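Written out below as structure tokens is the structure these notes cover.
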Amino acid sequence: MVLDDQTAVIEPQKGRREEGLPASGILIFTPQDLGLFLRCFAPPPRKSHKIFLVDVFSGSYGNTPMALAGPMMGAPQAVLVLEKLIALGVRSVIAVGWCGSLQPHVRVGDLILPRATVSEEGTSNHYPCAETHPGPSPELVQPLREAFLSELHGAHEGTVWSTDAPYRETKAKVLGYQKQGVLAVDMESSALFAVASFRGIRLAVVLIVSDELFSLKWVHGFKDGKFRQTREKVAELTLGAVSSWRGGK
């Protein structure tokens, strides 16, 4: 036995009788946003799979077939779902979730396109990548950037801190990352970028600011009108961007 063999014992696979999925996919972290996305479809997409407790829907927006998966929480579950989606044929993915602001100029209802991440989750370290700090695929970010900048006020690009422990976002860490210019904190982005790099697929992340930590007091905006409006716009604009990809791939 070769003790340093890095080949995985278990690899994600498509089952012999398992239905494949379209090349375009959207990961949606929250049940609230999943509902917003599903309501944009006519006819409604059908539920085609259940993957690690997560519902997967197959449908078409415009003329583009796509898969939607959600809700999910945290890097381990999001990566399990992404790995299986890749095995089923998905090659271009947008992940949509919420985040907490670390900067005074980034407020509830704003939008962030992560360009880089600081990883404090435990999943991404298991995915060796040629890139030291994997990030989003430029060819996916560009149509999102064009759509969001023209339609939304308060769109930002920059670094996001990903952690498995939202109840351990300490004051020292918030201040430390704030000084480094990190925009916000979430739970999944760094791991998703690592898997996309490792598996050779395209991926970008869209985050809506749901709460603020920059004052060292937790200020949530879950019922804020701008937060709701941004989420509705993000669903519409993300689907439009995905449907604009060449051949949906």
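Every chain in the structure tokens takes a letter, A first, then B, and so on in the order presented; its residues are numbered from 1, and the ligands are numbered from 1 following the presented order.
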*Pick out the residues sitting within 12 Å of Tyr167 in chain A, and hand them over as a list of chain:residue names; count only C-alpha atoms, and ignore anything fewer than 4 positions along from it in its own chain.*
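The filter keeps A:Thr163, A:Lys171, A:Lys173, A:Val185, A:Asp186, A:Met187, A:Trp218.
Residues with any atom within 6 Å of Gly135 in chain A, counting only C-alpha atoms and excluding same-chain neighbours fewer than 6 positions away, are Arg115, Ala116 and Phe193 of chain A.
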Residues from the last selection, C-alpha atoms, saved as an mmCIF file, in the first residue's frame:
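Final file, out33.cif:
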data_model
loop_
_atom_site.group_PDB
_atom_site.id
_atom_site.type_symbol
_atom_site.label_atom_id
_atom_site.label_comp_id
_atom_site.auth_asym_id
_atom_site.auth_seq_id
_atom_site.Cartn_x
_atom_site.Cartn_y
_atom_site.Cartn_z
ATOM 1 C CA ARG A 115 -13.093 38.257 -5.417
ATOM 2 C CA ALA A 116 -11.073 36.433 -2.742
ATOM 3 C CA PHE A 193 -13.982 28.299 -4.643
#
Residues of range 161-245 of chain A in helix (DSSP H, G or I) according to DSSP, as a JSON list (two decimals) with N, CA and C atoms, in the first residue's frame?
[["chain", "number", "residue", "atom", "x", "y", "z"],
["A", 166, "PRO", "N", -20.22, 30.74, 13.34],
["A", 166, "PRO", "CA", -20.78, 32.09, 13.42],
["A", 166, "PRO", "C", -20.92, 32.62, 14.85],
["A", 167, "TYR", "N", -20.98, 31.73, 15.84],
["A", 167, "TYR", "CA", -21.05, 32.20, 17.22],
["A", 167, "TYR", "C", -19.66, 32.45, 17.82],
["A", 168, "ARG", "N", -18.62, 32.32, 16.99],
["A", 168, "ARG", "CA", -17.27, 32.65, 17.43],
["A", 168, "ARG", "C", -16.65, 33.72, 16.53],
["A", 171, "LYS", "N", -14.90, 39.82, 18.69],
["A", 171, "LYS", "CA", -14.59, 41.23, 18.44],
["A", 171, "LYS", "C", -13.19, 41.39, 17.89],
["A", 172, "ALA", "N", -12.25, 40.59, 18.40],
["A", 172, "ALA", "CA", -10.87, 40.68, 17.92],
["A", 172, "ALA", "C", -10.78, 40.30, 16.45],
["A", 173, "LYS", "N", -11.51, 39.27, 16.05],
["A", 173, "LYS", "CA", -11.47, 38.85, 14.65],
["A", 173, "LYS", "C", -12.16, 39.88, 13.76],
["A", 174, "VAL", "N", -13.30, 40.37, 14.18],
["A", 174, "VAL", "CA", -14.00, 41.38, 13.39],
["A", 174, "VAL", "C", -13.11, 42.59, 13.17],
["A", 175, "LEU", "N", -12.49, 43.09, 14.23],
["A", 175, "LEU", "CA", -11.61, 44.25, 14.10],
["A", 175, "LEU", "C", -10.39, 43.95, 13.24],
["A", 176, "GLY", "N", -9.82, 42.75, 13.43],
["A", 176, "GLY", "CA", -8.63, 42.37, 12.66],
["A", 176, "GLY", "C", -8.92, 42.31, 11.17],
["A", 177, "TYR", "N", -10.00, 41.66, 10.79],
["A", 177, "TYR", "CA", -10.34, 41.55, 9.37],
["A", 177, "TYR", "C", -10.84, 42.88, 8.83],
["A", 178, "GLN", "N", -11.50, 43.66, 9.66],
["A", 178, "GLN", "CA", -11.93, 44.99, 9.25],
["A", 178, "GLN", "C", -10.72, 45.84, 8.84],
["A", 179, "LYS", "N", -9.66, 45.79, 9.63],
["A", 179, "LYS", "CA", -8.45, 46.55, 9.33],
["A", 179, "LYS", "C", -7.78, 46.07, 8.05],
["A", 189, "SER", "N", -18.13, 30.49, 1.06],
["A", 189, "SER", "CA", -17.48, 30.92, -0.18],
["A", 189, "SER", "C", -16.11, 30.30, -0.40],
["A", 190, "SER", "N", -15.24, 30.31, 0.61],
["A", 190, "SER", "CA", -13.88, 29.82, 0.41],
["A", 190, "SER", "C", -13.86, 28.35, 0.02],
["A", 191, "ALA", "N", -14.73, 27.56, 0.62],
["A", 191, "ALA", "CA", -14.77, 26.13, 0.29],
["A", 191, "ALA", "C", -15.29, 25.89, -1.12],
["A", 192, "LEU", "N", -16.29, 26.65, -1.53],
["A", 192, "LEU", "CA", -16.83, 26.48, -2.88],
["A", 192, "LEU", "C", -15.80, 26.86, -3.93],
["A", 193, "PHE", "N", -15.04, 27.93, -3.71],
["A", 193, "PHE", "CA", -13.98, 28.30, -4.64],
["A", 193, "PHE", "C", -12.92, 27.20, -4.72],
["A", 194, "ALA", "N", -12.58, 26.61, -3.58],
["A", 194, "ALA", "CA", -11.56, 25.55, -3.57],
["A", 194, "ALA", "C", -12.02, 24.33, -4.37],
["A", 195, "VAL", "N", -13.26, 23.92, -4.18],
["A", 195, "VAL", "CA", -13.78, 22.75, -4.91],
["A", 195, "VAL", "C", -13.84, 23.05, -6.40],
["A", 196, "ALA", "N", -14.30, 24.25, -6.76],
["A", 196, "ALA", "CA", -14.38, 24.59, -8.18],
["A", 196, "ALA", "C", -13.02, 24.54, -8.84],
["A", 197, "SER", "N", -11.99, 25.05, -8.15],
["A", 197, "SER", "CA", -10.63, 25.00, -8.68],
["A", 197, "SER", "C", -10.15, 23.56, -8.80],
["A", 198, "PHE", "N", -10.40, 22.77, -7.77],
["A", 198, "PHE", "CA", -9.94, 21.38, -7.75],
["A", 198, "PHE", "C", -10.61, 20.55, -8.84],
["A", 199, "ARG", "N", -11.90, 20.76, -9.05],
["A", 199, "ARG", "CA", -12.66, 19.96, -10.02],
["A", 199, "ARG", "C", -12.65, 20.55, -11.43],
["A", 225, "GLY", "N", -36.58, 46.52, 4.40],
["A", 225, "GLY", "CA", -37.16, 46.59, 3.07],
["A", 225, "GLY", "C", -36.14, 46.50, 1.95],
["A", 226, "LYS", "N", -35.00, 47.16, 2.11],
["A", 226, "LYS", "CA", -33.97, 47.11, 1.08],
["A", 226, "LYS", "C", -33.41, 45.69, 0.95],
["A", 227, "PHE", "N", -33.27, 44.99, 2.07],
["A", 227, "PHE", "CA", -32.79, 43.62, 2.03],
["A", 227, "PHE", "C", -33.71, 42.75, 1.19],
["A", 228, "ARG", "N", -35.00, 42.87, 1.40],
["A", 228, "ARG", "CA", -35.97, 42.11, 0.62],
["A", 228, "ARG", "C", -35.91, 42.50, -0.86],
["A", 229, "GLN", "N", -35.86, 43.79, -1.14],
["A", 229, "GLN", "CA", -35.83, 44.25, -2.53],
["A", 229, "GLN", "C", -34.59, 43.76, -3.25],
["A", 230, "THR", "N", -33.44, 43.80, -2.57],
["A", 230, "THR", "CA", -32.20, 43.33, -3.19],
["A", 230, "THR", "C", -32.28, 41.85, -3.49],
["A", 231, "ARG", "N", -32.81, 41.07, -2.56],
["A", 231, "ARG", "CA", -32.93, 39.63, -2.78],
["A", 231, "ARG", "C", -33.82, 39.33, -3.98],
["A", 232, "GLU", "N", -34.92, 40.06, -4.12],
["A", 232, "GLU", "CA", -35.80, 39.85, -5.27],
["A", 232, "GLU", "C", -35.08, 40.18, -6.57],
["A", 233, "LYS", "N", -34.34, 41.30, -6.57],
["A", 233, "LYS", "CA", -33.60, 41.68, -7.76],
["A", 233, "LYS", "C", -32.49, 40.68, -8.08],
["A", 234, "VAL", "N", -31.82, 40.20, -7.04],
["A", 234, "VAL", "CA", -30.73, 39.24, -7.25],
["A", 234, "VAL", "C", -31.26, 37.97, -7.91],
["A", 235, "ALA", "N", -32.42, 37.49, -7.49],
["A", 235, "ALA", "CA", -32.99, 36.30, -8.11],
["A", 235, "ALA", "C", -33.22, 36.54, -9.60],
["A", 236, "GLU", "N", -33.86, 37.65, -9.92],
["A", 236, "GLU", "CA", -34.17, 37.97, -11.32],
["A", 236, "GLU", "C", -32.90, 38.17, -12.15],
["A", 237, "LEU", "N", -31.96, 38.94, -11.62],
["A", 237, "LEU", "CA", -30.76, 39.27, -12.38],
["A", 237, "LEU", "C", -29.82, 38.08, -12.51],
["A", 238, "THR", "N", -29.73, 37.25, -11.48],
["A", 238, "THR", "CA", -28.88, 36.07, -11.56],
["A", 238, "THR", "C", -29.39, 35.10, -12.61],
["A", 239, "LEU", "N", -30.69, 34.87, -12.62],
["A", 239, "LEU", "CA", -31.26, 33.98, -13.63],
["A", 239, "LEU", "C", -31.03, 34.54, -15.03],
["A", 240, "GLY", "N", -31.17, 35.85, -15.18],
["A", 240, "GLY", "CA", -30.90, 36.46, -16.48],
["A", 240, "GLY", "C", -29.47, 36.31, -16.91],
["A", 241, "ALA", "N", -28.54, 36.46, -15.94],
["A", 241, "ALA", "CA", -27.11, 36.30, -16.26],
["A", 241, "ALA", "C", -26.80, 34.87, -16.66],
["A", 242, "VAL", "N", -27.35, 33.91, -15.92],
["A", 242, "VAL", "CA", -27.10, 32.50, -16.25],
["A", 242, "VAL", "C", -27.64, 32.17, -17.63],
["A", 243, "SER", "N", -28.82, 32.68, -17.95],
["A", 243, "SER", "CA", -29.41, 32.38, -19.26],
["A", 243, "SER", "C", -28.65, 33.05, -20.40],
["A", 244, "SER", "N", -27.80, 34.04, -20.08],
["A", 244, "SER", "CA", -27.01, 34.72, -21.12],
["A", 244, "SER", "C", -25.71, 34.00, -21.44]]
Just list the residues in range 62-249 of chain A DSSP gives strand (DSSP E) on the backbone, as a PDB file with N, CA and C atoms, in the first residue's frame.
ATOM      1  N   THR A  64     -32.676  28.420 -21.467  1.00  0.00           N
ATOM      2  CA  THR A  64     -31.510  27.813 -20.849  1.00  0.00           C
ATOM      3  C   THR A  64     -31.911  26.802 -19.780  1.00  0.00           C
ATOM      4  N   PRO A  65     -31.607  25.523 -19.988  1.00  0.00           N
ATOM      5  CA  PRO A  65     -31.847  24.546 -18.925  1.00  0.00           C
ATOM      6  C   PRO A  65     -30.909  24.823 -17.749  1.00  0.00           C
ATOM      7  N   MET A  66     -31.412  24.678 -16.543  1.00  0.00           N
ATOM      8  CA  MET A  66     -30.571  24.882 -15.367  1.00  0.00           C
ATOM      9  C   MET A  66     -31.112  24.094 -14.182  1.00  0.00           C
ATOM     10  N   ALA A  67     -30.210  23.856 -13.223  1.00  0.00           N
ATOM     11  CA  ALA A  67     -30.565  23.168 -11.987  1.00  0.00           C
ATOM     12  C   ALA A  67     -30.458  24.163 -10.834  1.00  0.00           C
ATOM     13  N   LEU A  68     -31.369  24.065  -9.872  1.00  0.00           N
ATOM     14  CA  LEU A  68     -31.323  24.869  -8.663  1.00  0.00           C
ATOM     15  C   LEU A  68     -31.283  23.935  -7.475  1.00  0.00           C
ATOM     16  N   ALA A  69     -30.407  24.194  -6.518  1.00  0.00           N
ATOM     17  CA  ALA A  69     -30.274  23.346  -5.341  1.00  0.00           C
ATOM     18  C   ALA A  69     -30.335  24.204  -4.086  1.00  0.00           C
ATOM     19  N   GLY A  70     -31.131  23.796  -3.103  1.00  0.00           N
ATOM     20  CA  GLY A  70     -31.189  24.520  -1.849  1.00  0.00           C
ATOM     21  C   GLY A  70     -32.327  24.016  -0.972  1.00  0.00           C
ATOM     22  N   SER A  92     -21.067  24.960 -14.552  1.00  0.00           N
ATOM     23  CA  SER A  92     -20.999  26.395 -14.249  1.00  0.00           C
ATOM     24  C   SER A  92     -22.007  26.695 -13.156  1.00  0.00           C
ATOM     25  N   VAL A  93     -21.548  27.309 -12.057  1.00  0.00           N
ATOM     26  CA  VAL A  93     -22.379  27.438 -10.859  1.00  0.00           C
ATOM     27  C   VAL A  93     -22.319  28.864 -10.325  1.00  0.00           C
ATOM     28  N   ILE A  94     -23.485  29.381  -9.955  1.00  0.00           N
ATOM     29  CA  ILE A  94     -23.578  30.597  -9.154  1.00  0.00           C
ATOM     30  C   ILE A  94     -24.115  30.187  -7.790  1.00  0.00           C
ATOM     31  N   ALA A  95     -23.437  30.596  -6.726  1.00  0.00           N
ATOM     32  CA  ALA A  95     -23.906  30.357  -5.364  1.00  0.00           C
ATOM     33  C   ALA A  95     -24.440  31.665  -4.795  1.00  0.00           C
ATOM     34  N   VAL A  96     -25.615  31.622  -4.202  1.00  0.00           N
ATOM     35  CA  VAL A  96     -26.283  32.834  -3.717  1.00  0.00           C
ATOM     36  C   VAL A  96     -26.590  32.679  -2.235  1.00  0.00           C
ATOM     37  N   GLY A  97     -26.098  33.608  -1.415  1.00  0.00           N
ATOM     38  CA  GLY A  97     -26.340  33.525   0.019  1.00  0.00           C
ATOM     39  C   GLY A  97     -26.336  34.881   0.691  1.00  0.00           C
ATOM     40  N   TRP A  98     -26.267  34.864   2.014  1.00  0.00           N
ATOM     41  CA  TRP A  98     -26.260  36.073   2.825  1.00  0.00           C
ATOM     42  C   TRP A  98     -24.923  36.203   3.542  1.00  0.00           C
ATOM     43  N   CYS A  99     -24.637  37.402   4.038  1.00  0.00           N
ATOM     44  CA  CYS A  99     -23.387  37.621   4.751  1.00  0.00           C
ATOM     45  C   CYS A  99     -23.547  38.756   5.756  1.00  0.00           C
ATOM     46  N   GLY A 100     -22.565  38.857   6.661  1.00  0.00           N
ATOM     47  CA  GLY A 100     -22.544  39.930   7.646  1.00  0.00           C
ATOM     48  C   GLY A 100     -21.451  40.929   7.320  1.00  0.00           C
ATOM     49  N   SER A 101     -21.784  42.204   7.311  1.00  0.00           N
ATOM     50  CA  SER A 101     -20.826  43.250   6.940  1.00  0.00           C
ATOM     51  C   SER A 101     -19.810  43.494   8.046  1.00  0.00           C
ATOM     52  N   LEU A 111     -24.929  44.399  -1.842  1.00  0.00           N
ATOM     53  CA  LEU A 111     -24.559  43.142  -2.499  1.00  0.00           C
ATOM     54  C   LEU A 111     -23.048  43.050  -2.616  1.00  0.00           C
ATOM     55  N   ILE A 112     -22.525  41.843  -2.458  1.00  0.00           N
ATOM     56  CA  ILE A 112     -21.078  41.615  -2.558  1.00  0.00           C
ATOM     57  C   ILE A 112     -20.807  40.491  -3.556  1.00  0.00           C
ATOM     58  N   LEU A 113     -19.858  40.760  -4.458  1.00  0.00           N
ATOM     59  CA  LEU A 113     -19.302  39.720  -5.316  1.00  0.00           C
ATOM     60  C   LEU A 113     -17.900  39.420  -4.784  1.00  0.00           C
ATOM     61  N   PRO A 114     -17.719  38.304  -4.079  1.00  0.00           N
ATOM     62  CA  PRO A 114     -16.391  38.002  -3.528  1.00  0.00           C
ATOM     63  C   PRO A 114     -15.368  37.777  -4.631  1.00  0.00           C
ATOM     64  N   ARG A 115     -14.224  38.465  -4.502  1.00  0.00           N
ATOM     65  CA  ARG A 115     -13.093  38.257  -5.417  1.00  0.00           C
ATOM     66  C   ARG A 115     -12.064  37.324  -4.803  1.00  0.00           C
ATOM     67  N   ALA A 116     -12.036  37.269  -3.466  1.00  0.00           N
ATOM     68  CA  ALA A 116     -11.073  36.433  -2.742  1.00  0.00           C
ATOM     69  C   ALA A 116     -11.680  36.116  -1.381  1.00  0.00           C
ATOM     70  N   THR A 117     -11.063  35.161  -0.675  1.00  0.00           N
ATOM     71  CA  THR A 117     -11.593  34.761   0.628  1.00  0.00           C
ATOM     72  C   THR A 117     -10.466  34.553   1.626  1.00  0.00           C
ATOM     73  N   VAL A 118     -10.821  34.687   2.896  1.00  0.00           N
ATOM     74  CA  VAL A 118      -9.988  34.236   4.010  1.00  0.00           C
ATOM     75  C   VAL A 118     -10.699  33.025   4.586  1.00  0.00           C
ATOM     76  N   SER A 119     -10.032  31.875   4.594  1.00  0.00           N
ATOM     77  CA  SER A 119     -10.694  30.637   4.997  1.00  0.00           C
ATOM     78  C   SER A 119     -10.446  30.314   6.467  1.00  0.00           C
ATOM     79  N   GLU A 120     -11.535  30.228   7.226  1.00  0.00           N
ATOM     80  CA  GLU A 120     -11.498  29.678   8.569  1.00  0.00           C
ATOM     81  C   GLU A 120     -12.522  28.551   8.698  1.00  0.00           C
ATOM     82  N   ALA A 155     -23.375  47.877  -4.554  1.00  0.00           N
ATOM     83  CA  ALA A 155     -22.719  46.636  -4.977  1.00  0.00           C
ATOM     84  C   ALA A 155     -21.219  46.776  -4.733  1.00  0.00           C
ATOM     85  N   HIS A 156     -20.611  45.753  -4.150  1.00  0.00           N
ATOM     86  CA  HIS A 156     -19.198  45.800  -3.770  1.00  0.00           C
ATOM     87  C   HIS A 156     -18.490  44.540  -4.267  1.00  0.00           C
ATOM     88  N   GLU A 157     -17.192  44.657  -4.513  1.00  0.00           N
ATOM     89  CA  GLU A 157     -16.336  43.514  -4.810  1.00  0.00           C
ATOM     90  C   GLU A 157     -15.144  43.542  -3.873  1.00  0.00           C
ATOM     91  N   GLY A 158     -14.749  42.377  -3.379  1.00  0.00           N
ATOM     92  CA  GLY A 158     -13.614  42.330  -2.477  1.00  0.00           C
ATOM     93  C   GLY A 158     -13.508  40.994  -1.771  1.00  0.00           C
ATOM     94  N   THR A 159     -12.843  41.006  -0.626  1.00  0.00           N
ATOM     95  CA  THR A 159     -12.536  39.778   0.106  1.00  0.00           C
ATOM     96  C   THR A 159     -13.602  39.487   1.157  1.00  0.00           C
ATOM     97  N   VAL A 160     -13.897  38.197   1.314  1.00  0.00           N
ATOM     98  CA  VAL A 160     -14.869  37.727   2.297  1.00  0.00           C
ATOM     99  C   VAL A 160     -14.194  36.713   3.211  1.00  0.00           C
ATOM    100  N   TRP A 161     -14.511  36.757   4.477  1.00  0.00           N
ATOM    101  CA  TRP A 161     -14.025  35.799   5.479  1.00  0.00           C
ATOM    102  C   TRP A 161     -15.070  34.696   5.632  1.00  0.00           C
ATOM    103  N   SER A 162     -14.666  33.437   5.455  1.00  0.00           N
ATOM    104  CA  SER A 162     -15.574  32.299   5.616  1.00  0.00           C
ATOM    105  C   SER A 162     -15.225  31.519   6.876  1.00  0.00           C
ATOM    106  N   THR A 163     -16.226  31.240   7.699  1.00  0.00           N
ATOM    107  CA  THR A 163     -16.009  30.548   8.960  1.00  0.00           C
ATOM    108  C   THR A 163     -17.099  29.507   9.198  1.00  0.00           C
ATOM    109  N   ALA A 184     -16.858  41.273   4.462  1.00  0.00           N
ATOM    110  CA  ALA A 184     -17.974  40.604   5.124  1.00  0.00           C
ATOM    111  C   ALA A 184     -17.578  39.197   5.541  1.00  0.00           C
ATOM    112  N   VAL A 185     -18.470  38.542   6.252  1.00  0.00           N
ATOM    113  CA  VAL A 185     -18.256  37.172   6.711  1.00  0.00           C
ATOM    114  C   VAL A 185     -19.419  36.295   6.260  1.00  0.00           C
ATOM    115  N   ASP A 186     -19.084  35.094   5.779  1.00  0.00           N
ATOM    116  CA  ASP A 186     -20.094  34.098   5.442  1.00  0.00           C
ATOM    117  C   ASP A 186     -19.586  32.733   5.883  1.00  0.00           C
ATOM    118  N   ARG A 202     -16.488  26.135 -13.363  1.00  0.00           N
ATOM    119  CA  ARG A 202     -16.603  27.579 -13.201  1.00  0.00           C
ATOM    120  C   ARG A 202     -17.584  27.874 -12.069  1.00  0.00           C
ATOM    121  N   LEU A 203     -17.250  28.869 -11.241  1.00  0.00           N
ATOM    122  CA  LEU A 203     -18.109  29.192 -10.100  1.00  0.00           C
ATOM    123  C   LEU A 203     -17.925  30.642  -9.705  1.00  0.00           C
ATOM    124  N   ALA A 204     -19.011  31.273  -9.320  1.00  0.00           N
ATOM    125  CA  ALA A 204     -18.994  32.614  -8.735  1.00  0.00           C
ATOM    126  C   ALA A 204     -19.977  32.643  -7.581  1.00  0.00           C
ATOM    127  N   VAL A 205     -19.786  33.589  -6.673  1.00  0.00           N
ATOM    128  CA  VAL A 205     -20.632  33.711  -5.483  1.00  0.00           C
ATOM    129  C   VAL A 205     -21.251  35.102  -5.447  1.00  0.00           C
ATOM    130  N   VAL A 206     -22.521  35.148  -5.068  1.00  0.00           N
ATOM    131  CA  VAL A 206     -23.257  36.396  -4.867  1.00  0.00           C
ATOM    132  C   VAL A 206     -23.760  36.409  -3.428  1.00  0.00           C
ATOM    133  N   LEU A 207     -23.421  37.448  -2.666  1.00  0.00           N
ATOM    134  CA  LEU A 207     -23.843  37.536  -1.265  1.00  0.00           C
ATOM    135  C   LEU A 207     -24.625  38.821  -1.033  1.00  0.00           C
ATOM    136  N   ILE A 208     -25.761  38.699  -0.343  1.00  0.00           N
ATOM    137  CA  ILE A 208     -26.541  39.860   0.061  1.00  0.00           C
ATOM    138  C   ILE A 208     -26.279  40.107   1.540  1.00  0.00           C
ATOM    139  N   VAL A 209     -26.030  41.358   1.906  1.00  0.00           N
ATOM    140  CA  VAL A 209     -25.730  41.694   3.302  1.00  0.00           C
ATOM    141  C   VAL A 209     -27.017  41.644   4.112  1.00  0.00           C
ATOM    142  N   SER A 210     -27.076  40.711   5.057  1.00  0.00           N
ATOM    143  CA  SER A 210     -28.261  40.514   5.890  1.00  0.00           C
ATOM    144  C   SER A 210     -28.117  41.141   7.270  1.00  0.00           C
ATOM    145  N   ASP A 211     -26.865  41.367   7.704  1.00  0.00           N
ATOM    146  CA  ASP A 211     -26.637  41.893   9.046  1.00  0.00           C
ATOM    147  C   ASP A 211     -25.285  42.603   9.085  1.00  0.00           C
ATOM    148  N   GLU A 212     -25.055  43.343  10.174  1.00  0.00           N
ATOM    149  CA  GLU A 212     -23.851  44.171  10.301  1.00  0.00           C
ATOM    150  C   GLU A 212     -23.147  43.872  11.627  1.00  0.00           C
ATOM    151  N   VAL A 219     -26.290  43.851  14.357  1.00  0.00           N
ATOM    152  CA  VAL A 219     -27.465  44.545  13.836  1.00  0.00           C
ATOM    153  C   VAL A 219     -27.988  43.733  12.667  1.00  0.00           C
ATOM    154  N   HIS A 220     -29.155  43.105  12.838  1.00  0.00           N
ATOM    155  CA  HIS A 220     -29.680  42.291  11.734  1.00  0.00           C
ATOM    156  C   HIS A 220     -30.699  43.085  10.930  1.00  0.00           C
TER     157      HIS A 220
END
*So what do you get for CA of Val141 in chain A versus CA of Val79 in chain A, distance-wise?*
20.1 Å
*asked:* Give me the residues near Glu18 in chain A as a VMD selection string, where near means some atom within 10 Å (using only C-alpha atoms) and where sequence neighbours in that chain fewer than 5 positions away do not count.
replied: chain A and resid 13 48 to 49 88
Can you spit out the residues from that selection as a PDB file, in the first residue's frame, using C-alpha atoms?
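The result, written out as selection13.pdb:
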ATOM      1  CA  GLN A  13     -20.480   9.538  -8.956  1.00  0.00           C
ATOM      2  CA  SER A  48     -35.634  16.050  -9.669  1.00  0.00           C
ATOM      3  CA  HIS A  49     -33.229  15.008  -6.886  1.00  0.00           C
ATOM      4  CA  LEU A  88     -24.369  14.797 -12.416  1.00  0.00           C
TER       5      LEU A  88
END
*Quick one: of A:Glu139, A:Glu11, A:Glu146, A:Glu121, who's nearest to Ile86 in chain A, counting only C-alpha atoms?*
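Nearest candidate to Ile86 in chain A out of A:Glu139, A:Glu11, A:Glu146, A:Glu121: A:Glu11.
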